[in-house]
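**Student:** Data: run29.cif, mmCIF, C-alpha atoms.
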data_input
loop_
_atom_site.label_atom_id
_atom_site.label_comp_id
_atom_site.auth_asym_id
_atom_site.auth_seq_id
_atom_site.Cartn_x
_atom_site.Cartn_y
_atom_site.Cartn_z
CA MET A 14 8.68 -34.21 -45.33
CA SER A 15 7.74 -37.88 -45.44
CA HIS A 16 4.41 -38.96 -44.01
CA THR A 17 5.99 -42.01 -42.40
CA CYS A 18 7.84 -42.50 -39.15
CA LYS A 19 9.70 -45.42 -37.67
CA ASN A 20 8.50 -45.39 -34.06
CA ILE A 21 5.54 -45.02 -31.77
CA VAL A 22 6.22 -44.20 -28.12
CA ILE A 23 3.66 -45.20 -25.51
CA HIS A 24 4.24 -43.48 -22.17
CA CYS A 25 2.46 -42.10 -19.14
CA ILE A 26 0.89 -38.64 -19.07
CA ASP A 27 2.90 -37.69 -15.95
CA PHE A 28 4.22 -34.15 -16.36
CA ARG A 29 7.43 -35.08 -14.54
CA LEU A 30 8.54 -37.09 -17.57
CA MET A 31 8.02 -34.70 -20.43
CA ASP A 32 11.15 -32.55 -20.76
CA GLN A 33 13.62 -35.31 -20.01
CA LEU A 34 11.64 -37.84 -22.07
CA PHE A 35 11.85 -35.73 -25.21
CA ASP A 36 15.54 -35.00 -24.59
CA TRP A 37 16.19 -38.73 -24.20
CA LEU A 38 14.25 -39.57 -27.36
CA LYS A 39 16.09 -36.90 -29.32
CA ASN A 40 19.62 -37.33 -28.00
CA GLU A 41 19.83 -41.01 -27.05
CA GLN A 42 17.40 -42.66 -29.44
CA MET A 43 17.39 -40.08 -32.25
CA VAL A 44 13.66 -40.61 -32.80
CA VAL A 45 11.93 -37.45 -31.65
CA ASP A 46 11.27 -36.27 -35.21
CA THR A 47 10.32 -39.74 -36.37
CA CYS A 48 7.84 -40.95 -33.80
CA ASP A 49 4.17 -40.96 -33.05
CA GLU A 50 3.26 -40.52 -29.42
CA VAL A 51 0.57 -42.02 -27.18
CA ALA A 52 0.33 -40.62 -23.66
CA VAL A 53 -2.03 -42.50 -21.34
CA ALA A 54 -2.11 -42.56 -17.54
CA GLY A 55 -0.15 -45.65 -16.55
CA SER A 56 1.24 -46.13 -20.07
CA ILE A 57 0.31 -49.72 -20.99
CA LYS A 58 -1.37 -50.68 -17.70
CA ASP A 59 -4.82 -50.54 -19.33
CA LEU A 60 -3.63 -52.80 -22.12
CA VAL A 61 -2.56 -55.62 -19.80
CA ARG A 62 -5.02 -55.04 -16.94
CA PRO A 63 -8.01 -53.10 -18.27
CA GLN A 64 -10.55 -52.06 -15.64
CA ASN A 65 -13.20 -50.82 -18.06
CA PRO A 66 -14.44 -51.85 -21.51
CA GLY A 67 -12.49 -50.32 -24.35
CA GLU A 68 -9.32 -49.40 -22.45
CA ALA A 69 -7.10 -52.02 -24.10
CA GLU A 70 -8.72 -51.42 -27.48
CA PHE A 71 -7.91 -47.70 -27.28
CA ILE A 72 -4.18 -48.35 -27.01
CA LEU A 73 -4.26 -51.02 -29.73
CA LYS A 74 -6.17 -48.67 -32.03
CA GLN A 75 -3.46 -46.02 -31.70
CA ILE A 76 -0.82 -48.57 -32.70
CA GLU A 77 -2.97 -49.79 -35.60
CA ILE A 78 -3.42 -46.25 -36.93
CA SER A 79 0.28 -45.51 -36.60
CA ALA A 80 1.20 -48.80 -38.33
CA ARG A 81 -1.28 -48.27 -41.15
CA LEU A 82 -0.77 -44.57 -41.81
CA HIS A 83 2.84 -44.00 -40.81
CA LYS A 84 4.36 -47.45 -41.43
CA ILE A 85 6.04 -47.68 -38.01
CA GLU A 86 8.69 -50.32 -37.42
CA ARG A 87 9.07 -50.13 -33.65
CA VAL A 88 6.93 -49.67 -30.54
CA ILE A 89 8.70 -48.09 -27.57
CA ILE A 90 6.84 -49.04 -24.39
CA MET A 91 7.80 -46.84 -21.46
CA ASN A 92 6.67 -47.20 -17.87
CA HIS A 93 8.03 -45.15 -14.99
CA THR A 94 8.59 -45.54 -11.28
CA ASP A 95 6.30 -43.81 -8.79
CA CYS A 96 3.44 -43.94 -11.31
CA GLY A 97 0.17 -42.76 -9.79
CA ALA A 98 -1.91 -44.98 -12.07
CA TYR A 99 -0.15 -47.97 -10.47
CA GLY A 100 -0.63 -46.55 -6.96
CA GLY A 101 2.82 -44.94 -6.70
CA LYS A 102 5.80 -46.45 -4.92
CA SER A 103 3.65 -47.53 -1.97
CA ALA A 104 1.84 -50.06 -4.18
CA PHE A 105 5.03 -52.13 -4.30
CA ASN A 106 7.23 -53.84 -1.73
CA GLY A 107 10.38 -51.86 -2.49
CA ASP A 108 12.26 -50.76 -5.58
CA GLU A 109 13.00 -54.26 -6.90
CA ASP A 110 9.34 -55.27 -6.66
CA GLU A 111 8.32 -52.08 -8.44
CA GLU A 112 10.79 -52.67 -11.26
CA ARG A 113 9.71 -56.30 -11.55
CA GLY A 114 6.02 -55.30 -11.71
CA HIS A 115 6.59 -52.72 -14.44
CA LEU A 116 8.80 -55.07 -16.43
CA GLU A 117 6.19 -57.83 -16.22
CA ASP A 118 3.46 -55.51 -17.51
CA MET A 119 5.68 -54.14 -20.28
CA ARG A 120 6.59 -57.66 -21.41
CA LYS A 121 2.90 -58.66 -21.46
CA ALA A 122 2.08 -55.55 -23.49
CA GLY A 123 4.90 -56.37 -25.89
CA GLU A 124 3.53 -59.89 -26.38
CA ILE A 125 0.02 -58.57 -27.05
CA ILE A 126 1.35 -56.10 -29.60
CA LYS A 127 3.69 -58.62 -31.23
CA ASN A 128 0.81 -61.12 -31.62
CA LYS A 129 -1.11 -58.54 -33.66
CA TRP A 130 1.81 -57.01 -35.58
CA THR A 131 4.56 -59.59 -35.90
CA HIS A 132 6.78 -57.27 -37.95
CA LEU A 133 7.07 -54.62 -35.23
CA GLU A 134 10.12 -54.41 -33.02
CA ILE A 135 9.35 -53.86 -29.32
CA MET A 136 11.56 -51.78 -27.03
CA LEU A 137 10.88 -51.73 -23.29
CA VAL A 138 12.08 -48.74 -21.26
CA LEU A 139 11.75 -48.06 -17.55
CA ALA A 140 12.10 -44.42 -16.55
CA ASN A 141 13.34 -44.23 -12.97
CA LEU A 142 12.25 -40.97 -11.34
CA ASN A 143 14.94 -40.04 -8.85
CA PRO A 144 14.24 -37.85 -5.78
CA ASN A 145 16.54 -35.15 -7.21
CA GLY A 146 14.29 -34.82 -10.28
CA LYS A 147 16.68 -36.55 -12.67
CA ILE A 148 15.28 -39.45 -14.67
CA ASP A 149 17.30 -42.51 -15.61
CA PHE A 150 15.96 -44.20 -18.77
CA ARG A 151 16.87 -47.89 -18.91
CA LYS A 152 16.22 -50.23 -21.78
CA MET A 153 14.91 -53.48 -20.36
CA ALA A 154 15.17 -56.98 -21.79
#
Please express what this file holds, its structure, as structure tokens.
**Tutor:**
Amino acid sequence: MSHTCKNIVIHCIDFRLMDQLFDWLKNEQMVVDTCDEVAVAGSIKDLVRPQNPGEAEFILKQIEISARLHKIERVIIMNHTDCGAYGGKSAFNGDEDEERGHLEDMRKAGEIIKNKWTHLEIMLVLANLNPNGKIDFRKMA
């Protein structure tokens, strides 16, 4: 087995994501066996709006290690709706505002990463947690 992989996935630690996230990565993106994983509360929130010293650096260090050791080509940044680290749904003025807020943060994170590693492709994904427990994964532009 090769000691390289093509992707790193940065997502939230929320347990509600796990099963469907790995199914989506495997079946839709075909990357589950070729990805490093970083799970942090709020996903990339601490990268774009760190509250404490070292929070942004922690996320960047994980990408640096993955790029150096595993020769990744793509960073998949995934935020999700109703994220507790963001304050849940009540922190936003409706679904559109929530989506806009997550997309803005993901884009900022992508820019930060791209400025350090220009060769990496960035994929933004918003996981919409539905009341019925189903998650819709949407690639964002």
**Student:** Expressed in Å to a single decimal, how great is the separation between atom CA of Asn141 of chain A and atom CA of Thr94 of chain A?
**Tutor:**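 Between atom CA of Asn141 of chain A and atom CA of Thr94 of chain A the gap works out to 5.2 Å.
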**Student:** Let me have the centre and edge lengths in Å, one decimal, of the box along x, y and z around every listed atom of segment 67-70 of chain A with 6 Å of margin on each side, as JSON.
**Tutor:**
{"center_x": -9.8, "center_y": -50.7, "center_z": -25.0, "size_x": 17.4, "size_y": 14.6, "size_z": 17.0}
**Student:** Restricting the calculation to all atoms listed in the file, which member of A:Leu116, A:Ala80, A:Ile135, A:Val61 is positioned closest to Asn92 of chain A?
**Tutor:**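 Closest candidate: A:Leu116.
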**Student:** Would you mind listing what lies within 8 Å of Lys84 of chain A as a ChimeraX atom specification, with all atoms listed in the file counted and same-chain residues fewer than 6 positions away left out?
**Tutor:** /A:17-19
**Student:** Evaluated on this file, the PyMOL selection byres ((chain A and resi 72-75) around 9) picks out some residues - which ones are they, written as a list of chain:residue names?
**Tutor:** A:Ile23, A:Glu50, A:Val51, A:Val53, A:Ile57, A:Asp59, A:Leu60, A:Gly67, A:Glu68, A:Ala69, A:Glu70, A:Phe71, A:Ile76, A:Glu77, A:Ile78, A:Ser79, A:Ala80, A:Ile126
**Student:** Would you export the selected residues with C-alpha atoms as a tab-separated table (two decimals), keeping the file's coordinate frame, please?
**Tutor:**
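Printed below is selection_22.tsv as written:
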chain	number	residue	atom	x	y	z
A	23	ILE	CA	3.66	-45.20	-25.51
A	50	GLU	CA	3.26	-40.52	-29.42
A	51	VAL	CA	0.57	-42.02	-27.18
A	53	VAL	CA	-2.03	-42.50	-21.34
A	57	ILE	CA	0.31	-49.72	-20.99
A	59	ASP	CA	-4.82	-50.54	-19.33
A	60	LEU	CA	-3.63	-52.80	-22.12
A	67	GLY	CA	-12.49	-50.32	-24.35
A	68	GLU	CA	-9.32	-49.40	-22.45
A	69	ALA	CA	-7.10	-52.02	-24.10
A	70	GLU	CA	-8.72	-51.42	-27.48
A	71	PHE	CA	-7.91	-47.70	-27.28
A	76	ILE	CA	-0.82	-48.57	-32.70
A	77	GLU	CA	-2.97	-49.79	-35.60
A	78	ILE	CA	-3.42	-46.25	-36.93
A	79	SER	CA	0.28	-45.51	-36.60
A	80	ALA	CA	1.20	-48.80	-38.33
A	126	ILE	CA	1.35	-56.10	-29.60
**Student:** Between A:Ala104, A:Leu82, A:Ala52, A:Val22, single out the one closest to Leu137 of chain A, counting all atoms listed in the file.
**Tutor:** A:Val22
**Student:** Quick one: apply the PyMOL selection byres ((chain A and resi 129-133) around 8) to the file and drop the selected residues here as a PDB file with C-alpha atoms, in the coordinates of the input.
**Tutor:**
ATOM      1  CA  ILE A  85       6.040 -47.680 -38.010  1.00  0.00           C
ATOM      2  CA  GLU A  86       8.690 -50.320 -37.420  1.00  0.00           C
ATOM      3  CA  ARG A  87       9.070 -50.130 -33.650  1.00  0.00           C
ATOM      4  CA  VAL A  88       6.930 -49.670 -30.540  1.00  0.00           C
ATOM      5  CA  ILE A 125       0.020 -58.570 -27.050  1.00  0.00           C
ATOM      6  CA  ILE A 126       1.350 -56.100 -29.600  1.00  0.00           C
ATOM      7  CA  LYS A 127       3.690 -58.620 -31.230  1.00  0.00           C
ATOM      8  CA  ASN A 128       0.810 -61.120 -31.620  1.00  0.00           C
ATOM      9  CA  GLU A 134      10.120 -54.410 -33.020  1.00  0.00           C
ATOM     10  CA  ILE A 135       9.350 -53.860 -29.320  1.00  0.00           C
TER      11      ILE A 135
END
**Student:** Rounded to one decimal, what separation in Å do you get between atom CA of Gly100 of chain A and atom CA of Asp49 of chain A?
**Tutor:** 27.1 Å
**Student:** Can you pull out every residue within 9 Å of segment 26-34 of chain A, counting only C-alpha atoms, but drop anything in the same chain fewer than 6 positions away, and send it as a PDB file with C-alpha atoms, in the frame of the given file?
**Tutor:**
ATOM      1  CA  VAL A  51       0.570 -42.020 -27.180  1.00  0.00           C
ATOM      2  CA  ALA A  52       0.330 -40.620 -23.660  1.00  0.00           C
ATOM      3  CA  VAL A  53      -2.030 -42.500 -21.340  1.00  0.00           C
ATOM      4  CA  ALA A  54      -2.110 -42.560 -17.540  1.00  0.00           C
ATOM      5  CA  GLY A  55      -0.150 -45.650 -16.550  1.00  0.00           C
ATOM      6  CA  SER A  56       1.240 -46.130 -20.070  1.00  0.00           C
ATOM      7  CA  HIS A  93       8.030 -45.150 -14.990  1.00  0.00           C
ATOM      8  CA  CYS A  96       3.440 -43.940 -11.310  1.00  0.00           C
ATOM      9  CA  GLY A  97       0.170 -42.760  -9.790  1.00  0.00           C
ATOM     10  CA  ALA A 140      12.100 -44.420 -16.550  1.00  0.00           C
ATOM     11  CA  LEU A 142      12.250 -40.970 -11.340  1.00  0.00           C
ATOM     12  CA  GLY A 146      14.290 -34.820 -10.280  1.00  0.00           C
ATOM     13  CA  LYS A 147      16.680 -36.550 -12.670  1.00  0.00           C
ATOM     14  CA  ILE A 148      15.280 -39.450 -14.670  1.00  0.00           C
ATOM     15  CA  PHE A 150      15.960 -44.200 -18.770  1.00  0.00           C
TER      16      PHE A 150
END
**Student:** If I take atom CA of Lys58 of chain A and atom CA of Asn40 of chain A, how far is one from the other in Å, to one decimal?
**Tutor:**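 Computing it gives 26.9 Å between the two atoms.
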**Student:** I want to know what sits within 10 Å of segment 62-65 of chain A, based on all atoms listed in the file, with residues of the same chain fewer than 6 positions away left out; could you give that as a list in words?
**Tutor:**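 Surrounding residues, per the criterion: Asp118, Lys121 and Ala122 of chain A.
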**Student:** Rank A:Ile90, A:Glu111, A:Met136, A:Trp37 by their smallest atom-to-atom distance to Asp149 of chain A, using all atoms listed in the file, and report the top residue only.
**Tutor:**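 Result for the nearest residue to Asp149 of chain A: A:Trp37.
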**Student:** Given the choices A:Lys152, A:His16, A:Leu139, A:Pro66, which gets closest to Arg81 of chain A if the distance is worked out from only C-alpha atoms?
**Tutor:**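 Among the listed residues, the smallest separation from Arg81 of chain A belongs to A:His16.
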